[in-house]
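Chemist: So that you have it, the file is query.pdb, and it contains PDB, C-alpha atoms, pLDDT in the B column:
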MODEL        1
ATOM      1  CA  MET A   1     -11.277   9.352  -0.686  1.00 45.00           C
ATOM      2  CA  THR A   2     -14.118   7.232  -2.042  1.00 47.00           C
ATOM      3  CA  ASN A   3     -15.797   4.178  -0.562  1.00 63.00           C
ATOM      4  CA  LYS A   4     -14.779   2.062  -3.556  1.00 76.00           C
ATOM      5  CA  PRO A   5     -11.456   0.279  -3.004  1.00 88.00           C
ATOM      6  CA  ILE A   6      -8.730   0.844  -5.563  1.00 92.00           C
ATOM      7  CA  MET A   7      -7.074  -2.372  -4.378  1.00 93.00           C
ATOM      8  CA  HIS A   8      -8.298  -5.347  -2.439  1.00 92.00           C
ATOM      9  CA  ALA A   9      -6.807  -8.691  -1.560  1.00 93.00           C
ATOM     10  CA  THR A  10      -8.720 -11.773  -0.490  1.00 92.00           C
ATOM     11  CA  ASP A  11      -7.405 -14.810   1.403  1.00 92.00           C
ATOM     12  CA  LEU A  12      -3.766 -14.332   0.357  1.00 92.00           C
ATOM     13  CA  SER A  13      -1.518 -17.205   1.323  1.00 91.00           C
ATOM     14  CA  ARG A  14       2.140 -17.777   0.433  1.00 91.00           C
ATOM     15  CA  HIS A  15       4.369 -20.657   1.393  1.00 88.00           C
ATOM     16  CA  TYR A  16       8.003 -21.471   0.671  1.00 84.00           C
ATOM     17  CA  ARG A  17       9.828 -24.794   0.656  1.00 81.00           C
ATOM     18  CA  GLN A  18      13.083 -25.155   2.573  1.00 79.00           C
ATOM     19  CA  GLY A  19      14.212 -28.700   1.947  1.00 79.00           C
ATOM     20  CA  ASP A  20      11.554 -30.930   3.420  1.00 80.00           C
ATOM     21  CA  VAL A  21      10.040 -28.095   5.420  1.00 83.00           C
ATOM     22  CA  THR A  22       7.188 -25.860   4.262  1.00 80.00           C
ATOM     23  CA  LEU A  23       7.410 -22.336   5.653  1.00 81.00           C
ATOM     24  CA  SER A  24       4.099 -20.508   5.842  1.00 82.00           C
ATOM     25  CA  VAL A  25       4.623 -16.740   5.419  1.00 83.00           C
ATOM     26  CA  LEU A  26       1.094 -15.499   4.714  1.00 89.00           C
ATOM     27  CA  SER A  27      -1.968 -17.450   5.809  1.00 86.00           C
ATOM     28  CA  GLY A  28      -5.150 -15.817   4.547  1.00 87.00           C
ATOM     29  CA  VAL A  29      -4.543 -12.072   4.398  1.00 90.00           C
ATOM     30  CA  ASN A  30      -7.470  -9.809   3.506  1.00 91.00           C
ATOM     31  CA  LEU A  31      -6.923  -6.140   2.708  1.00 92.00           C
ATOM     32  CA  SER A  32      -8.903  -3.286   1.158  1.00 92.00           C
ATOM     33  CA  ILE A  33      -7.384   0.066   0.164  1.00 93.00           C
ATOM     34  CA  GLU A  34      -9.395   3.118  -0.857  1.00 92.00           C
ATOM     35  CA  ALA A  35      -8.275   5.622  -3.478  1.00 91.00           C
ATOM     36  CA  GLY A  36      -5.988   8.208  -1.872  1.00 90.00           C
ATOM     37  CA  GLU A  37      -5.615   6.268   1.381  1.00 93.00           C
ATOM     38  CA  LYS A  38      -2.310   6.040   3.280  1.00 92.00           C
ATOM     39  CA  VAL A  39      -1.818   2.687   5.019  1.00 93.00           C
ATOM     40  CA  ALA A  40       1.125   1.515   7.118  1.00 93.00           C
ATOM     41  CA  ILE A  41       1.952  -2.176   7.494  1.00 93.00           C
ATOM     42  CA  VAL A  42       4.034  -3.027  10.531  1.00 90.00           C
ATOM     43  CA  GLY A  43       5.373  -6.249  11.999  1.00 84.00           C
ATOM     44  CA  VAL A  44       8.548  -7.903  13.224  1.00 82.00           C
ATOM     45  CA  SER A  45      11.351  -8.785  10.823  1.00 81.00           C
ATOM     46  CA  GLY A  46      10.434 -11.893   8.846  1.00 79.00           C
ATOM     47  CA  SER A  47       6.698 -11.525   9.398  1.00 80.00           C
ATOM     48  CA  GLY A  48       5.971 -11.361   5.659  1.00 84.00           C
ATOM     49  CA  LYS A  49       5.631  -7.635   5.014  1.00 88.00           C
ATOM     50  CA  THR A  50       7.819  -7.584   1.899  1.00 89.00           C
ATOM     51  CA  THR A  51       6.217 -10.777   0.618  1.00 90.00           C
ATOM     52  CA  LEU A  52       2.826  -9.107   0.964  1.00 92.00           C
ATOM     53  CA  LEU A  53       4.002  -6.040  -0.966  1.00 92.00           C
ATOM     54  CA  ASN A  54       5.312  -8.270  -3.758  1.00 91.00           C
ATOM     55  CA  LEU A  55       1.944 -10.006  -4.038  1.00 93.00           C
ATOM     56  CA  LEU A  56       0.034  -6.715  -4.006  1.00 94.00           C
ATOM     57  CA  GLY A  57       2.260  -5.340  -6.774  1.00 93.00           C
ATOM     58  CA  GLY A  58       1.992  -8.412  -8.973  1.00 90.00           C
ATOM     59  CA  LEU A  59       5.695  -9.230  -8.617  1.00 89.00           C
ATOM     60  CA  ASP A  60       4.920 -12.640  -7.135  1.00 89.00           C
ATOM     61  CA  ASP A  61       1.931 -14.994  -7.159  1.00 89.00           C
ATOM     62  CA  ALA A  62       0.046 -16.192  -4.123  1.00 89.00           C
ATOM     63  CA  ASP A  63      -0.448 -19.896  -3.492  1.00 90.00           C
ATOM     64  CA  ARG A  64      -4.051 -19.071  -2.689  1.00 92.00           C
ATOM     65  CA  GLY A  65      -6.175 -15.936  -2.961  1.00 93.00           C
ATOM     66  CA  GLU A  66      -6.309 -12.979  -5.332  1.00 93.00           C
ATOM     67  CA  VAL A  67      -5.294  -9.340  -5.557  1.00 93.00           C
ATOM     68  CA  PHE A  68      -7.536  -6.932  -7.472  1.00 93.00           C
ATOM     69  CA  LEU A  69      -6.160  -3.590  -8.619  1.00 93.00           C
ATOM     70  CA  ALA A  70      -8.458  -1.141 -10.399  1.00 89.00           C
ATOM     71  CA  GLU A  71     -10.974  -3.994 -10.703  1.00 87.00           C
ATOM     72  CA  LYS A  72      -8.549  -6.391 -12.413  1.00 90.00           C
ATOM     73  CA  SER A  73      -7.028  -9.463 -10.811  1.00 92.00           C
ATOM     74  CA  TRP A  74      -3.312 -10.139 -11.256  1.00 92.00           C
ATOM     75  CA  HIS A  75      -4.337 -13.775 -11.589  1.00 90.00           C
ATOM     76  CA  ASP A  76      -6.220 -13.050 -14.821  1.00 90.00           C
ATOM     77  CA  LEU A  77      -3.398 -11.170 -16.559  1.00 90.00           C
ATOM     78  CA  GLY A  78      -0.699 -12.714 -18.741  1.00 89.00           C
ATOM     79  CA  ALA A  79       2.922 -11.672 -18.393  1.00 89.00           C
ATOM     80  CA  SER A  80       2.793  -8.801 -20.892  1.00 89.00           C
ATOM     81  CA  GLU A  81      -0.609  -7.613 -19.673  1.00 91.00           C
ATOM     82  CA  ARG A  82       0.607  -7.719 -16.086  1.00 91.00           C
ATOM     83  CA  ALA A  83       3.700  -5.663 -16.926  1.00 90.00           C
ATOM     84  CA  ALA A  84       1.592  -3.048 -18.705  1.00 89.00           C
ATOM     85  CA  TRP A  85      -0.984  -2.910 -15.882  1.00 91.00           C
ATOM     86  CA  ARG A  86       1.788  -2.578 -13.302  1.00 90.00           C
ATOM     87  CA  ASN A  87       3.431   0.216 -15.289  1.00 88.00           C
ATOM     88  CA  GLN A  88       0.118   2.076 -15.429  1.00 88.00           C
ATOM     89  CA  HIS A  89      -1.138   1.513 -11.897  1.00 91.00           C
ATOM     90  CA  VAL A  90       1.739   0.730  -9.491  1.00 92.00           C
ATOM     91  CA  GLY A  91       4.776   2.669  -8.287  1.00 90.00           C
ATOM     92  CA  PHE A  92       7.488   1.209  -6.058  1.00 90.00           C
ATOM     93  CA  VAL A  93       9.821   2.887  -3.558  1.00 88.00           C
ATOM     94  CA  TYR A  94      12.351   0.790  -1.654  1.00 82.00           C
ATOM     95  CA  GLN A  95      14.738   1.395   1.253  1.00 75.00           C
ATOM     96  CA  PHE A  96      17.549   1.585  -1.310  1.00 75.00           C
ATOM     97  CA  HIS A  97      16.760   3.756  -4.295  1.00 75.00           C
ATOM     98  CA  HIS A  98      17.612   1.227  -7.066  1.00 81.00           C
ATOM     99  CA  LEU A  99      18.313   4.001  -9.564  1.00 87.00           C
ATOM    100  CA  LEU A 100      20.195   3.160 -12.751  1.00 88.00           C
ATOM    101  CA  GLY A 101      23.651   4.592 -12.190  1.00 86.00           C
ATOM    102  CA  GLU A 102      24.490   5.281 -15.825  1.00 90.00           C
ATOM    103  CA  PHE A 103      21.426   7.478 -16.322  1.00 93.00           C
ATOM    104  CA  SER A 104      20.675  10.990 -15.069  1.00 95.00           C
ATOM    105  CA  ALA A 105      17.962  11.803 -12.555  1.00 94.00           C
ATOM    106  CA  LEU A 106      15.769  12.991 -15.430  1.00 96.00           C
ATOM    107  CA  GLU A 107      16.340   9.807 -17.430  1.00 94.00           C
ATOM    108  CA  ASN A 108      15.621   7.594 -14.412  1.00 94.00           C
ATOM    109  CA  VAL A 109      12.308   9.333 -13.757  1.00 94.00           C
ATOM    110  CA  ALA A 110      11.284   9.441 -17.422  1.00 94.00           C
ATOM    111  CA  MET A 111      11.938   5.725 -17.933  1.00 91.00           C
ATOM    112  CA  PRO A 112       8.565   4.361 -16.705  1.00 90.00           C
ATOM    113  CA  LEU A 113       6.831   6.758 -19.090  1.00 91.00           C
ATOM    114  CA  LEU A 114       8.995   5.654 -22.007  1.00 90.00           C
ATOM    115  CA  ILE A 115       8.321   2.004 -21.165  1.00 87.00           C
ATOM    116  CA  GLY A 116       4.631   2.881 -21.251  1.00 79.00           C
ATOM    117  CA  SER A 117       4.985   4.233 -24.815  1.00 80.00           C
ATOM    118  CA  CYS A 118       4.933   7.902 -23.865  1.00 85.00           C
ATOM    119  CA  SER A 119       6.748  10.120 -26.375  1.00 92.00           C
ATOM    120  CA  PRO A 120      10.280  11.162 -25.372  1.00 93.00           C
ATOM    121  CA  THR A 121       9.282  14.824 -25.383  1.00 93.00           C
ATOM    122  CA  GLU A 122       6.291  14.305 -23.099  1.00 92.00           C
ATOM    123  CA  ALA A 123       8.255  11.925 -20.848  1.00 92.00           C
ATOM    124  CA  ARG A 124      11.028  14.481 -20.349  1.00 94.00           C
ATOM    125  CA  CYS A 125       8.488  17.242 -19.686  1.00 93.00           C
ATOM    126  CA  ARG A 126       6.549  15.257 -17.078  1.00 91.00           C
ATOM    127  CA  ALA A 127       9.715  13.969 -15.429  1.00 94.00           C
ATOM    128  CA  THR A 128      11.124  17.484 -15.258  1.00 95.00           C
ATOM    129  CA  GLN A 129       7.945  18.846 -13.689  1.00 89.00           C
ATOM    130  CA  LEU A 130       7.910  16.162 -10.996  1.00 88.00           C
ATOM    131  CA  LEU A 131      11.602  16.512 -10.214  1.00 92.00           C
ATOM    132  CA  GLU A 132      11.055  20.242  -9.811  1.00 89.00           C
ATOM    133  CA  ARG A 133       8.150  19.449  -7.500  1.00 85.00           C
ATOM    134  CA  VAL A 134      10.363  17.311  -5.265  1.00 83.00           C
ATOM    135  CA  GLY A 135      12.997  20.045  -5.150  1.00 86.00           C
ATOM    136  CA  LEU A 136      15.468  18.706  -7.695  1.00 88.00           C
ATOM    137  CA  GLY A 137      14.934  21.078 -10.584  1.00 90.00           C
ATOM    138  CA  ASP A 138      18.607  22.014 -10.509  1.00 91.00           C
ATOM    139  CA  ARG A 139      19.793  18.380 -10.420  1.00 91.00           C
ATOM    140  CA  LEU A 140      18.087  17.012 -13.527  1.00 94.00           C
ATOM    141  CA  ASN A 141      21.251  15.983 -15.345  1.00 95.00           C
ATOM    142  CA  HIS A 142      23.118  14.618 -12.339  1.00 95.00           C
ATOM    143  CA  GLN A 143      23.721  10.867 -12.135  1.00 94.00           C
ATOM    144  CA  PRO A 144      22.914   9.050  -8.864  1.00 93.00           C
ATOM    145  CA  ALA A 145      26.566   9.026  -7.771  1.00 93.00           C
ATOM    146  CA  GLU A 146      26.508  12.823  -7.878  1.00 94.00           C
ATOM    147  CA  LEU A 147      23.480  13.060  -5.573  1.00 92.00           C
ATOM    148  CA  SER A 148      23.152  12.781  -1.790  1.00 89.00           C
ATOM    149  CA  GLY A 149      21.222   9.905  -0.218  1.00 85.00           C
ATOM    150  CA  GLY A 150      18.184  12.095   0.323  1.00 85.00           C
ATOM    151  CA  GLU A 151      18.343  13.405  -3.237  1.00 89.00           C
ATOM    152  CA  ARG A 152      18.558   9.884  -4.639  1.00 89.00           C
ATOM    153  CA  GLN A 153      15.488   8.881  -2.645  1.00 85.00           C
ATOM    154  CA  ARG A 154      13.627  11.942  -3.947  1.00 87.00           C
ATOM    155  CA  VAL A 155      14.431  10.780  -7.465  1.00 92.00           C
ATOM    156  CA  ALA A 156      13.092   7.332  -6.561  1.00 91.00           C
ATOM    157  CA  VAL A 157       9.889   8.915  -5.233  1.00 89.00           C
ATOM    158  CA  ALA A 158       9.508  10.956  -8.428  1.00 90.00           C
ATOM    159  CA  ARG A 159      10.048   7.836 -10.540  1.00 91.00           C
ATOM    160  CA  ALA A 160       7.339   5.980  -8.604  1.00 90.00           C
ATOM    161  CA  LEU A 161       4.837   8.814  -9.037  1.00 89.00           C
ATOM    162  CA  VAL A 162       5.570  10.002 -12.569  1.00 90.00           C
ATOM    163  CA  THR A 163       2.994   7.724 -14.209  1.00 89.00           C
ATOM    164  CA  GLU A 164       0.367   8.921 -11.682  1.00 88.00           C
ATOM    165  CA  PRO A 165      -0.321   5.330 -10.583  1.00 91.00           C
ATOM    166  CA  SER A 166      -3.290   4.153  -8.576  1.00 91.00           C
ATOM    167  CA  VAL A 167      -1.103   2.981  -5.698  1.00 93.00           C
ATOM    168  CA  VAL A 168       2.515   3.315  -4.560  1.00 92.00           C
ATOM    169  CA  LEU A 169       4.029   0.432  -2.589  1.00 94.00           C
ATOM    170  CA  MET A 170       6.884   1.421  -0.284  1.00 91.00           C
ATOM    171  CA  ASP A 171       9.242  -0.876   1.614  1.00 89.00           C
ATOM    172  CA  GLU A 172      10.998   1.090   4.385  1.00 86.00           C
ATOM    173  CA  PRO A 173      11.405   4.120   2.076  1.00 82.00           C
ATOM    174  CA  THR A 174      13.187   6.193   4.741  1.00 79.00           C
ATOM    175  CA  GLY A 175      15.018   3.362   6.496  1.00 77.00           C
ATOM    176  CA  ASN A 176      18.404   4.162   4.956  1.00 75.00           C
ATOM    177  CA  LEU A 177      18.282   7.907   5.692  1.00 75.00           C
ATOM    178  CA  ASP A 178      19.273  10.070   8.649  1.00 79.00           C
ATOM    179  CA  PRO A 179      16.345  11.310  10.783  1.00 82.00           C
ATOM    180  CA  HIS A 180      16.296  14.823   9.312  1.00 81.00           C
ATOM    181  CA  THR A 181      16.312  13.603   5.702  1.00 77.00           C
ATOM    182  CA  ALA A 182      13.809  10.849   6.521  1.00 80.00           C
ATOM    183  CA  GLY A 183      11.436  13.448   7.951  1.00 83.00           C
ATOM    184  CA  ALA A 184      11.755  15.573   4.828  1.00 80.00           C
ATOM    185  CA  ILE A 185      11.025  12.582   2.564  1.00 80.00           C
ATOM    186  CA  LEU A 186       8.014  11.601   4.690  1.00 84.00           C
ATOM    187  CA  ASN A 187       6.610  15.137   4.559  1.00 84.00           C
ATOM    188  CA  LEU A 188       7.092  15.113   0.787  1.00 80.00           C
ATOM    189  CA  LEU A 189       5.259  11.796   0.456  1.00 83.00           C
ATOM    190  CA  ILE A 190       2.325  13.040   2.523  1.00 86.00           C
ATOM    191  CA  GLU A 191       2.097  16.252   0.481  1.00 85.00           C
ATOM    192  CA  LEU A 192       2.145  14.311  -2.800  1.00 82.00           C
ATOM    193  CA  ASN A 193      -0.430  11.835  -1.504  1.00 85.00           C
ATOM    194  CA  GLU A 194      -2.807  14.643  -0.616  1.00 85.00           C
ATOM    195  CA  SER A 195      -2.338  16.572  -3.865  1.00 85.00           C
ATOM    196  CA  LEU A 196      -2.333  13.619  -6.282  1.00 83.00           C
ATOM    197  CA  ASN A 197      -4.845  11.333  -4.481  1.00 87.00           C
ATOM    198  CA  ILE A 198      -2.599   8.310  -4.979  1.00 89.00           C
ATOM    199  CA  SER A 199      -2.924   5.484  -2.457  1.00 92.00           C
ATOM    200  CA  PHE A 200       0.172   4.656  -0.402  1.00 92.00           C
ATOM    201  CA  ILE A 201       0.926   1.313   1.232  1.00 93.00           C
ATOM    202  CA  LEU A 202       4.032   1.722   3.349  1.00 92.00           C
ATOM    203  CA  VAL A 203       5.941  -0.992   5.194  1.00 92.00           C
ATOM    204  CA  THR A 204       7.803   0.465   8.165  1.00 88.00           C
ATOM    205  CA  HIS A 205       9.257  -0.446  11.536  1.00 85.00           C
ATOM    206  CA  ASP A 206       9.017   3.170  12.714  1.00 84.00           C
ATOM    207  CA  PRO A 207       5.915   3.925  14.831  1.00 86.00           C
ATOM    208  CA  VAL A 208       6.326   7.671  14.221  1.00 84.00           C
ATOM    209  CA  ILE A 209       5.995   7.122  10.465  1.00 87.00           C
ATOM    210  CA  ALA A 210       3.130   4.665  10.894  1.00 88.00           C
ATOM    211  CA  ALA A 211       1.254   7.168  13.051  1.00 89.00           C
ATOM    212  CA  GLN A 212       1.137   9.630  10.168  1.00 88.00           C
ATOM    213  CA  MET A 213      -0.712   7.214   7.903  1.00 91.00           C
ATOM    214  CA  ASP A 214      -4.513   6.949   7.823  1.00 92.00           C
ATOM    215  CA  ARG A 215      -4.430   3.383   9.155  1.00 91.00           C
ATOM    216  CA  THR A 216      -1.876   1.009  10.643  1.00 92.00           C
ATOM    217  CA  LEU A 217      -2.150  -2.745  10.015  1.00 93.00           C
ATOM    218  CA  THR A 218      -0.098  -5.280  11.959  1.00 91.00           C
ATOM    219  CA  LEU A 219       1.131  -8.448  10.241  1.00 87.00           C
ATOM    220  CA  THR A 220       1.886 -11.323  12.577  1.00 85.00           C
ATOM    221  CA  ASP A 221       1.869 -15.108  12.188  1.00 82.00           C
ATOM    222  CA  GLY A 222       0.880 -14.707   8.548  1.00 82.00           C
ATOM    223  CA  LEU A 223      -2.227 -12.643   9.247  1.00 82.00           C
ATOM    224  CA  LEU A 224      -3.242  -9.004   9.499  1.00 81.00           C
ATOM    225  CA  VAL A 225      -4.448  -9.348  13.062  1.00 73.00           C
ATOM    226  CA  SER A 226      -5.099  -5.743  14.027  1.00 66.00           C
ATOM    227  CA  GLU A 227      -6.225  -2.596  12.356  1.00 57.00           C
ATOM    228  CA  ASN A 228      -5.983   0.658  14.259  1.00 55.00           C
ATOM    229  CA  PRO A 229      -6.599   4.244  13.178  1.00 46.00           C
ATOM    230  CA  ALA A 230      -3.400   6.248  13.114  1.00 43.00           C
ATOM    231  CA  VAL A 231      -2.791   8.705  15.911  1.00 38.00           C
ATOM    232  CA  VAL A 232      -1.378  11.937  14.470  1.00 33.00           C
TER
ENDMDL
END
Can the structure in the file be given as structure tokens, please?

Modeler:
Amino acid sequence: MTNKPIMHATDLSRHYRQGDVTLSVLSGVNLSIEAGEKVAIVGVSGSGKTTLLNLLGGLDDADRGEVFLAEKSWHDLGASERAAWRNQHVGFVYQFHHLLGEFSALENVAMPLLIGSCSPTEARCRATQLLERVGLGDRLNHQPAELSGGERQRVAVARALVTEPSVVLMDEPTGNLDPHTAGAILNLLIELNESLNISFILVTHDPVIAAQMDRTLTLTDGLLVSENPAVV
């Protein structure tokens, strides 16, 4: 890892209106992530963890504050520029895989490359290589319905990493899996993080998972109030 952050957020605040009531979700969050760093974000349900991920990934806009990724602020990018920057620099993995059911595993993983104007031949080659790396070389042409839950999540991981982004944002990526499969997915993520030097920001409620990250940040009352080194 380097001392130069690949992502940093300053004074992030986000509020929502519910009738006449204003609900404050984030109230001045500051965060800095180094290249190749693994960071867990923990907190009770409703504390704003998913909202924070959406702001970091440029899927939503803060009411106040900025997020810089690879030295560019989401605030300064138009819609098309933001989409292109996100495609180049951000991968997403969710609790539910969100694969496109009518496409094969190979087509799902190749899609971010095709959206980024990669040639079909190169996209298929890179997607194949990554699917082989996550242990699905013999499942390339299977659709999601033909895959197990763990296999579908491996496809989702491959899709998030295929563009070799700067950072992967994960929202409970093992929360819908049995303990054995969840452990296998976590070990895979750690191995890929170490070999590809891609930063991971992982929202989790599981202290065992959080302990395997480089740092654990706690989100409460709209603020990151504690920062503790992970205990492995």

Chemist: Please enumerate the residues selected by the PyMOL selection byres ((chain A and resi 169-185) around 9) when evaluated against the supplied file, formatted as a ChimeraX atom specification.

Modeler: /A:49-50,53-54,56-57,90-97,149-150,153-154,157,160,167-168,186-190,199-206,209

Chemist: Could you state which residues are captured by the PyMOL selection byres ((chain A and resi 133) around 12) in this file, as a list in words?

Modeler: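 Going through the file, the PyMOL selection byres ((chain A and resi 133) around 12) ends up selecting Arg126, Ala127, Thr128, Gln129, Leu130, Leu131, Glu132, Val134, Gly135, Leu136, Gly137, Asp138, Leu140, Arg154, Val155, Val157, Ala158, Leu161, Val162, Leu188, Leu189, Glu191, Leu192 and Ser195 of chain A.
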
Chemist: Select, from A:Lys38, A:Arg124, A:Arg152, A:Arg215, the residue with the minimum atom-to-atom distance to Met111 in chain A, counting all atoms listed in the file.

Modeler: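 Nearest candidate to Met111 in chain A out of A:Lys38, A:Arg124, A:Arg152, A:Arg215: A:Arg124.
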
Chemist: Could you list, as a CSV table (one decimal) with C-alpha atoms, keeping the file's coordinate frame, every residue within 9 Å of Gly222 in chain A, counting only C-alpha atoms and ignoring same-chain residues fewer than 4 positions away?

Modeler:
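Output below, filename around.csv:
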chain,number,residue,atom,x,y,z
A,13,SER,CA,-1.5,-17.2,1.3
A,14,ARG,CA,2.1,-17.8,0.4
A,24,SER,CA,4.1,-20.5,5.8
A,25,VAL,CA,4.6,-16.7,5.4
A,26,LEU,CA,1.1,-15.5,4.7
A,27,SER,CA,-2.0,-17.4,5.8
A,28,GLY,CA,-5.2,-15.8,4.5
A,29,VAL,CA,-4.5,-12.1,4.4
A,47,SER,CA,6.7,-11.5,9.4
A,48,GLY,CA,6.0,-11.4,5.7

Chemist: Write out as a list in words which residues come within 12 Å of Ile115 in chain A when counting only C-alpha atoms, dropping same-chain ones fewer than 4 positions away.

Modeler: Ala83, Ala84, Trp85, Arg86, Asn87, Gln88, Glu107, Asn108, Val109, Ala110, Met111, Ser119, Pro120, Ala123 and Thr163 of chain A

Chemist: Given 5 Å of margin on each side, can you work out the centre and size in Å (one decimal) of an axis-aligned box holding every listed atom of range 69-79 of chain A, as AutoDock Vina command-line options?

Modeler:
--center_x -4.0 --center_y -7.5 --center_z -13.7 --size_x 23.9 --size_y 22.6 --size_z 20.1

Chemist: Pull the neighbourhood of (-1.4, -18.0, -7.5) for me: all residues within 12 Å in file coordinates, counting all atoms listed in the file, as an MDAnalysis selection string.

Modeler: chainID A and resid 10:15 55:56 58:67 73:77

Chemist: Applied to the shown file, which residues does the PyMOL selection byres ((chain A and resi 216-220) around 9) return, written as a PyMOL selection string?

Modeler: chain A and resi 26+29+38-44+47-49+210-211+213-215+221-230

Chemist: Just give me the gap between CA of Cys118 in chain A and CA of Leu100 in chain A in Å, one decimal is fine.

Modeler: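 Separating CA of Cys118 in chain A from CA of Leu100 in chain A is a distance of 19.5 Å.
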
Chemist: Any idea what the distance is between CA of Leu31 in chain A and CA of His89 in chain A?

Modeler: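 These two atoms are separated by 17.5 Å.
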